[in-house]
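Chemist: Here you go, final_30.pdb (PDB, C-alpha atoms, pLDDT in the B column):
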ATOM      1  CA  MET A 273     -38.247  -7.104  11.425  1.00 54.00           C
ATOM      2  CA  ALA A 274     -38.644  -9.547   8.576  1.00 53.00           C
ATOM      3  CA  LYS A 275     -39.623  -6.708   6.254  1.00 68.00           C
ATOM      4  CA  PHE A 276     -36.133  -5.177   6.622  1.00 80.00           C
ATOM      5  CA  LEU A 277     -34.135  -8.381   6.201  1.00 87.00           C
ATOM      6  CA  SER A 278     -34.132 -10.843   3.338  1.00 90.00           C
ATOM      7  CA  GLN A 279     -35.188 -14.422   3.948  1.00 93.00           C
ATOM      8  CA  ASP A 280     -31.603 -15.500   3.206  1.00 93.00           C
ATOM      9  CA  GLN A 281     -30.305 -13.139   5.899  1.00 93.00           C
ATOM     10  CA  ILE A 282     -32.866 -14.402   8.412  1.00 95.00           C
ATOM     11  CA  ASN A 283     -31.934 -18.008   7.625  1.00 95.00           C
ATOM     12  CA  GLU A 284     -28.217 -17.262   8.010  1.00 96.00           C
ATOM     13  CA  PHE A 285     -28.823 -15.437  11.282  1.00 96.00           C
ATOM     14  CA  LYS A 286     -31.013 -18.267  12.579  1.00 96.00           C
ATOM     15  CA  GLU A 287     -28.383 -20.880  11.752  1.00 96.00           C
ATOM     16  CA  CYS A 288     -25.672 -18.991  13.626  1.00 96.00           C
ATOM     17  CA  PHE A 289     -28.029 -18.109  16.501  1.00 97.00           C
ATOM     18  CA  SER A 290     -28.907 -21.803  16.860  1.00 96.00           C
ATOM     19  CA  LEU A 291     -25.237 -22.726  17.299  1.00 96.00           C
ATOM     20  CA  TYR A 292     -25.135 -20.596  20.450  1.00 96.00           C
ATOM     21  CA  ASP A 293     -28.574 -21.706  21.670  1.00 96.00           C
ATOM     22  CA  LYS A 294     -26.985 -24.554  23.604  1.00 91.00           C
ATOM     23  CA  GLU A 295     -30.151 -25.651  25.412  1.00 93.00           C
ATOM     24  CA  GLN A 296     -32.271 -25.299  22.244  1.00 94.00           C
ATOM     25  CA  ARG A 297     -34.762 -23.001  23.956  1.00 95.00           C
ATOM     26  CA  GLY A 298     -34.716 -20.308  21.264  1.00 95.00           C
ATOM     27  CA  ARG A 299     -32.528 -18.053  23.418  1.00 97.00           C
ATOM     28  CA  ILE A 300     -28.868 -17.111  23.638  1.00 97.00           C
ATOM     29  CA  LYS A 301     -26.937 -15.606  26.522  1.00 96.00           C
ATOM     30  CA  ALA A 302     -26.355 -11.874  26.301  1.00 95.00           C
ATOM     31  CA  ASN A 303     -22.642 -12.576  26.883  1.00 94.00           C
ATOM     32  CA  ASP A 304     -22.595 -14.493  23.579  1.00 96.00           C
ATOM     33  CA  LEU A 305     -24.204 -11.665  21.614  1.00 97.00           C
ATOM     34  CA  ILE A 306     -20.975  -9.992  20.494  1.00 96.00           C
ATOM     35  CA  VAL A 307     -19.537 -13.319  19.303  1.00 96.00           C
ATOM     36  CA  VAL A 308     -22.671 -14.247  17.342  1.00 96.00           C
ATOM     37  CA  MET A 309     -22.807 -10.809  15.741  1.00 96.00           C
ATOM     38  CA  ARG A 310     -19.160 -10.972  14.732  1.00 94.00           C
ATOM     39  CA  CYS A 311     -19.626 -14.475  13.307  1.00 94.00           C
ATOM     40  CA  LEU A 312     -22.217 -12.931  11.014  1.00 95.00           C
ATOM     41  CA  GLY A 313     -19.864 -10.211   9.788  1.00 90.00           C
ATOM     42  CA  ALA A 314     -20.917  -7.333  12.045  1.00 92.00           C
ATOM     43  CA  SER A 315     -18.236  -5.456  13.963  1.00 89.00           C
ATOM     44  CA  PRO A 316     -19.862  -4.204  17.148  1.00 91.00           C
ATOM     45  CA  THR A 317     -17.749  -2.822  19.953  1.00 91.00           C
ATOM     46  CA  PRO A 318     -18.451  -3.984  23.515  1.00 93.00           C
ATOM     47  CA  GLY A 319     -19.973  -0.540  24.132  1.00 93.00           C
ATOM     48  CA  GLU A 320     -22.342  -0.905  21.182  1.00 93.00           C
ATOM     49  CA  VAL A 321     -23.418  -4.332  22.414  1.00 95.00           C
ATOM     50  CA  GLY A 322     -24.033  -2.857  25.853  1.00 95.00           C
ATOM     51  CA  ARG A 323     -26.218  -0.138  24.328  1.00 95.00           C
ATOM     52  CA  HIS A 324     -28.179  -2.697  22.294  1.00 96.00           C
ATOM     53  CA  LEU A 325     -28.825  -4.671  25.465  1.00 96.00           C
ATOM     54  CA  GLN A 326     -29.837  -1.506  27.335  1.00 96.00           C
ATOM     55  CA  ASP A 327     -32.263  -0.587  24.545  1.00 95.00           C
ATOM     56  CA  HIS A 328     -34.007  -3.907  25.196  1.00 96.00           C
ATOM     57  CA  LYS A 329     -33.733  -3.580  28.975  1.00 95.00           C
ATOM     58  CA  LEU A 330     -31.398  -6.565  29.196  1.00 95.00           C
ATOM     59  CA  ASP A 331     -28.245  -6.917  31.261  1.00 91.00           C
ATOM     60  CA  ARG A 332     -25.236  -9.054  30.417  1.00 88.00           C
ATOM     61  CA  ARG A 333     -26.557 -11.980  32.480  1.00 91.00           C
ATOM     62  CA  ALA A 334     -29.861 -12.070  30.577  1.00 95.00           C
ATOM     63  CA  GLU A 335     -30.907 -14.142  27.597  1.00 96.00           C
ATOM     64  CA  LEU A 336     -32.413 -12.887  24.385  1.00 96.00           C
ATOM     65  CA  ASP A 337     -34.743 -14.503  21.910  1.00 97.00           C
ATOM     66  CA  PHE A 338     -34.323 -14.640  18.148  1.00 97.00           C
ATOM     67  CA  SER A 339     -36.734 -11.774  17.488  1.00 95.00           C
ATOM     68  CA  THR A 340     -34.727  -9.461  19.755  1.00 96.00           C
ATOM     69  CA  PHE A 341     -31.533 -10.688  18.128  1.00 97.00           C
ATOM     70  CA  LEU A 342     -32.898  -9.840  14.650  1.00 96.00           C
ATOM     71  CA  THR A 343     -33.777  -6.332  15.809  1.00 95.00           C
ATOM     72  CA  ILE A 344     -30.301  -5.831  17.237  1.00 96.00           C
ATOM     73  CA  MET A 345     -28.600  -7.179  14.096  1.00 95.00           C
ATOM     74  CA  HIS A 346     -30.699  -4.929  11.872  1.00 93.00           C
ATOM     75  CA  LYS A 347     -29.817  -1.870  13.945  1.00 92.00           C
ATOM     76  CA  GLN A 348     -26.120  -2.805  13.935  1.00 93.00           C
ATOM     77  CA  MET A 349     -26.141  -3.336  10.170  1.00 89.00           C
ATOM     78  CA  GLN A 350     -27.638   0.129   9.701  1.00 85.00           C
ATOM     79  CA  GLN A 351     -24.936   1.613  11.919  1.00 83.00           C
ATOM     80  CA  GLU A 352     -22.243  -0.095   9.903  1.00 78.00           C
ATOM     81  CA  ALA A 353     -23.492   1.064   6.517  1.00 69.00           C
ATOM     82  CA  PRO A 354     -20.297   0.974   4.429  1.00 65.00           C
ATOM     83  CA  GLN A 355     -21.252   3.922   2.246  1.00 65.00           C
ATOM     84  CA  LYS A 356     -21.569   6.226   5.243  1.00 66.00           C
ATOM     85  CA  GLU A 357     -18.255   5.025   6.654  1.00 65.00           C
ATOM     86  CA  ILE A 358     -16.480   5.534   3.345  1.00 68.00           C
ATOM     87  CA  LEU A 359     -17.906   9.015   2.873  1.00 72.00           C
ATOM     88  CA  LEU A 360     -16.951   9.980   6.429  1.00 73.00           C
ATOM     89  CA  ALA A 361     -13.441   8.648   5.879  1.00 70.00           C
ATOM     90  CA  MET A 362     -13.229  10.626   2.644  1.00 72.00           C
ATOM     91  CA  LEU A 363     -14.314  13.815   4.378  1.00 76.00           C
ATOM     92  CA  MET A 364     -11.693  13.280   7.050  1.00 76.00           C
ATOM     93  CA  THR A 365      -9.022  12.625   4.404  1.00 75.00           C
ATOM     94  CA  ASP A 366      -9.922  15.655   2.299  1.00 76.00           C
ATOM     95  CA  LYS A 367      -8.116  18.138   4.556  1.00 78.00           C
ATOM     96  CA  GLU A 368      -8.054  20.867   1.914  1.00 80.00           C
ATOM     97  CA  LYS A 369     -11.826  20.538   1.267  1.00 79.00           C
ATOM     98  CA  LYS A 370     -11.303  19.934  -2.453  1.00 79.00           C
ATOM     99  CA  GLY A 371     -14.323  17.644  -2.668  1.00 78.00           C
ATOM    100  CA  TYR A 372     -12.220  14.650  -3.719  1.00 76.00           C
ATOM    101  CA  ILE A 373      -9.249  12.529  -2.705  1.00 75.00           C
ATOM    102  CA  THR A 374      -6.708  11.034  -5.035  1.00 75.00           C
ATOM    103  CA  ALA A 375      -6.421   7.301  -5.521  1.00 69.00           C
ATOM    104  CA  GLU A 376      -2.859   7.746  -4.327  1.00 73.00           C
ATOM    105  CA  GLU A 377      -4.233   9.044  -0.979  1.00 74.00           C
ATOM    106  CA  LEU A 378      -6.964   6.410  -0.779  1.00 70.00           C
ATOM    107  CA  ARG A 379      -4.892   3.223  -1.023  1.00 68.00           C
ATOM    108  CA  PRO A 380      -2.708   3.849   2.081  1.00 73.00           C
ATOM    109  CA  LYS A 381      -5.754   4.943   4.099  1.00 69.00           C
ATOM    110  CA  LEU A 382      -7.546   1.700   3.295  1.00 67.00           C
ATOM    111  CA  THR A 383      -4.555  -0.534   3.925  1.00 68.00           C
ATOM    112  CA  ARG A 384      -3.748   1.120   7.258  1.00 70.00           C
ATOM    113  CA  LEU A 385      -7.126   0.004   8.591  1.00 63.00           C
ATOM    114  CA  GLY A 386      -5.624  -3.375   9.450  1.00 58.00           C
ATOM    115  CA  GLU A 387      -6.868  -5.487   6.568  1.00 60.00           C
ATOM    116  CA  ARG A 388      -5.360  -6.134   3.182  1.00 66.00           C
ATOM    117  CA  LEU A 389      -7.442  -5.168   0.195  1.00 63.00           C
ATOM    118  CA  THR A 390      -9.101  -8.117  -1.470  1.00 70.00           C
ATOM    119  CA  ASP A 391      -8.503  -8.607  -5.183  1.00 68.00           C
ATOM    120  CA  LYS A 392     -12.025  -7.318  -5.819  1.00 68.00           C
ATOM    121  CA  GLU A 393     -11.435  -4.172  -3.740  1.00 66.00           C
ATOM    122  CA  ASP A 394      -8.057  -3.556  -5.342  1.00 63.00           C
ATOM    123  CA  TYR A 395      -9.610  -4.069  -8.771  1.00 61.00           C
ATOM    124  CA  THR A 396     -12.256  -1.472  -7.865  1.00 63.00           C
ATOM    125  CA  ILE A 397      -9.634   1.134  -6.965  1.00 60.00           C
ATOM    126  CA  ARG A 398      -7.371   0.619  -9.984  1.00 61.00           C
ATOM    127  CA  PRO A 399      -9.613   2.414 -12.494  1.00 57.00           C
ATOM    128  CA  LEU A 400      -9.663   5.397 -10.140  1.00 54.00           C
ATOM    129  CA  GLU A 401      -5.929   5.752 -10.559  1.00 53.00           C
ATOM    130  CA  SER A 402      -6.468   6.665 -14.202  1.00 53.00           C
ATOM    131  CA  TYR A 403      -8.988   9.333 -13.139  1.00 51.00           C
ATOM    132  CA  GLY A 404      -6.590  10.536 -10.475  1.00 54.00           C
ATOM    133  CA  ALA A 405      -9.280  11.260  -7.879  1.00 57.00           C
ATOM    134  CA  LEU A 406     -12.262   9.797  -6.084  1.00 54.00           C
ATOM    135  CA  GLU A 407     -15.319  11.944  -5.547  1.00 60.00           C
ATOM    136  CA  PRO A 408     -18.191  11.098  -3.188  1.00 58.00           C
ATOM    137  CA  SER A 409     -20.403  10.357  -6.201  1.00 60.00           C
ATOM    138  CA  HIS A 410     -18.104   7.413  -7.040  1.00 56.00           C
ATOM    139  CA  VAL A 411     -18.825   5.666  -3.749  1.00 54.00           C
ATOM    140  CA  HIS A 412     -20.989   2.560  -3.915  1.00 51.00           C
ATOM    141  CA  THR A 413     -20.945  -0.733  -2.082  1.00 45.00           C
ATOM    142  CA  VAL A 414     -18.929  -3.514  -3.638  1.00 43.00           C
TER     143      VAL A 414
END
Would you put the structure from the file into structure tokens?
Modeler:
Amino acid sequence: MAKFLSQDQINEFKECFSLYDKEQRGRIKANDLIVVMRCLGASPTPGEVGRHLQDHKLDRRAELDFSTFLTIMHKQMQQEAPQKEILLAMLMTDKEKKGYITAEELRPKLTRLGERLTDKEDYTIRPLESYGALEPSHVHTV
């Protein structure tokens, strides 16, 4: 798994994992998995966590080691790839199949998701307003 994650990511994951490894045995409770993942910025649903545990033949009363945790985090990070989510959201917004959405359409869609835009995100959208539209080729991670 180390070949897919940077050393900084592994260190960050290990630090957070260790906080929930109360007995310092190199294992966390499966019930804590969703909390640890969310502390690290992932957004798994309870169903996704259940599927991750099933993939590793673990139930919610089990414990998992750090290696298993890294595998689960990597898989979750792939599932949450922001570019894919943005492109899917764009496709859903582009009802007329024009191949683009206007910046005017984009801002309310993003703000209705429950979080305010950060200054950096807002700054990224502003130049699009002068173009008038956002095409899939404009999408990149910030």
Chemist: Between CA of Ala334 in chain A and CA of Arg299 in chain A, measure the distance and give it in Å to one decimal.
Modeler: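 Between CA of Ala334 in chain A and CA of Arg299 in chain A the gap works out to 9.7 Å.
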Chemist: Here's the selection I'm unsure about, the PyMOL selection byres ((chain A and resi 277) around 12); applied to the file above, which residues does it give, as a count of residues only?
Modeler: 20
Chemist: Quick one: which residues end up in the PyMOL selection byres ((chain A and resi 314) around 12) for this structure, as a PyMOL selection string?
Modeler: chain A and resi 285+305-313+315-317+320-321+344-354
Chemist: Report, in Å with one decimal, the straight-line distance from CA of Asn303 in chain A to CA of Arg332 in chain A.
Modeler: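 Going from CA of Asn303 in chain A over to CA of Arg332 in chain A covers 5.6 Å.
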Chemist: Could you state the separation of CA of Glu376 in chain A and CA of Leu360 in chain A in Å, given to one decimal place?
Modeler: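 Computing it gives 17.9 Å between the two atoms.
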Chemist: Given the choices A:Glu377, A:Ala302, A:Asp293, A:Gly371, which gets closest to Leu330 in chain A if the distance is worked out from only C-alpha atoms?
Modeler: A:Ala302
Chemist: Quick one: apply the PyMOL selection byres ((chain A and resi 335) around 12) to the file and drop the selected residues here as a PyMOL selection string.
Modeler: chain A and resi 292-295+297-305+325+328-334+336-341
Chemist: Using all atoms listed in the file, which of A:Leu378, A:Glu287, A:Pro318, A:Gln326 sits nearest Leu363 in chain A?
Modeler: A:Leu378
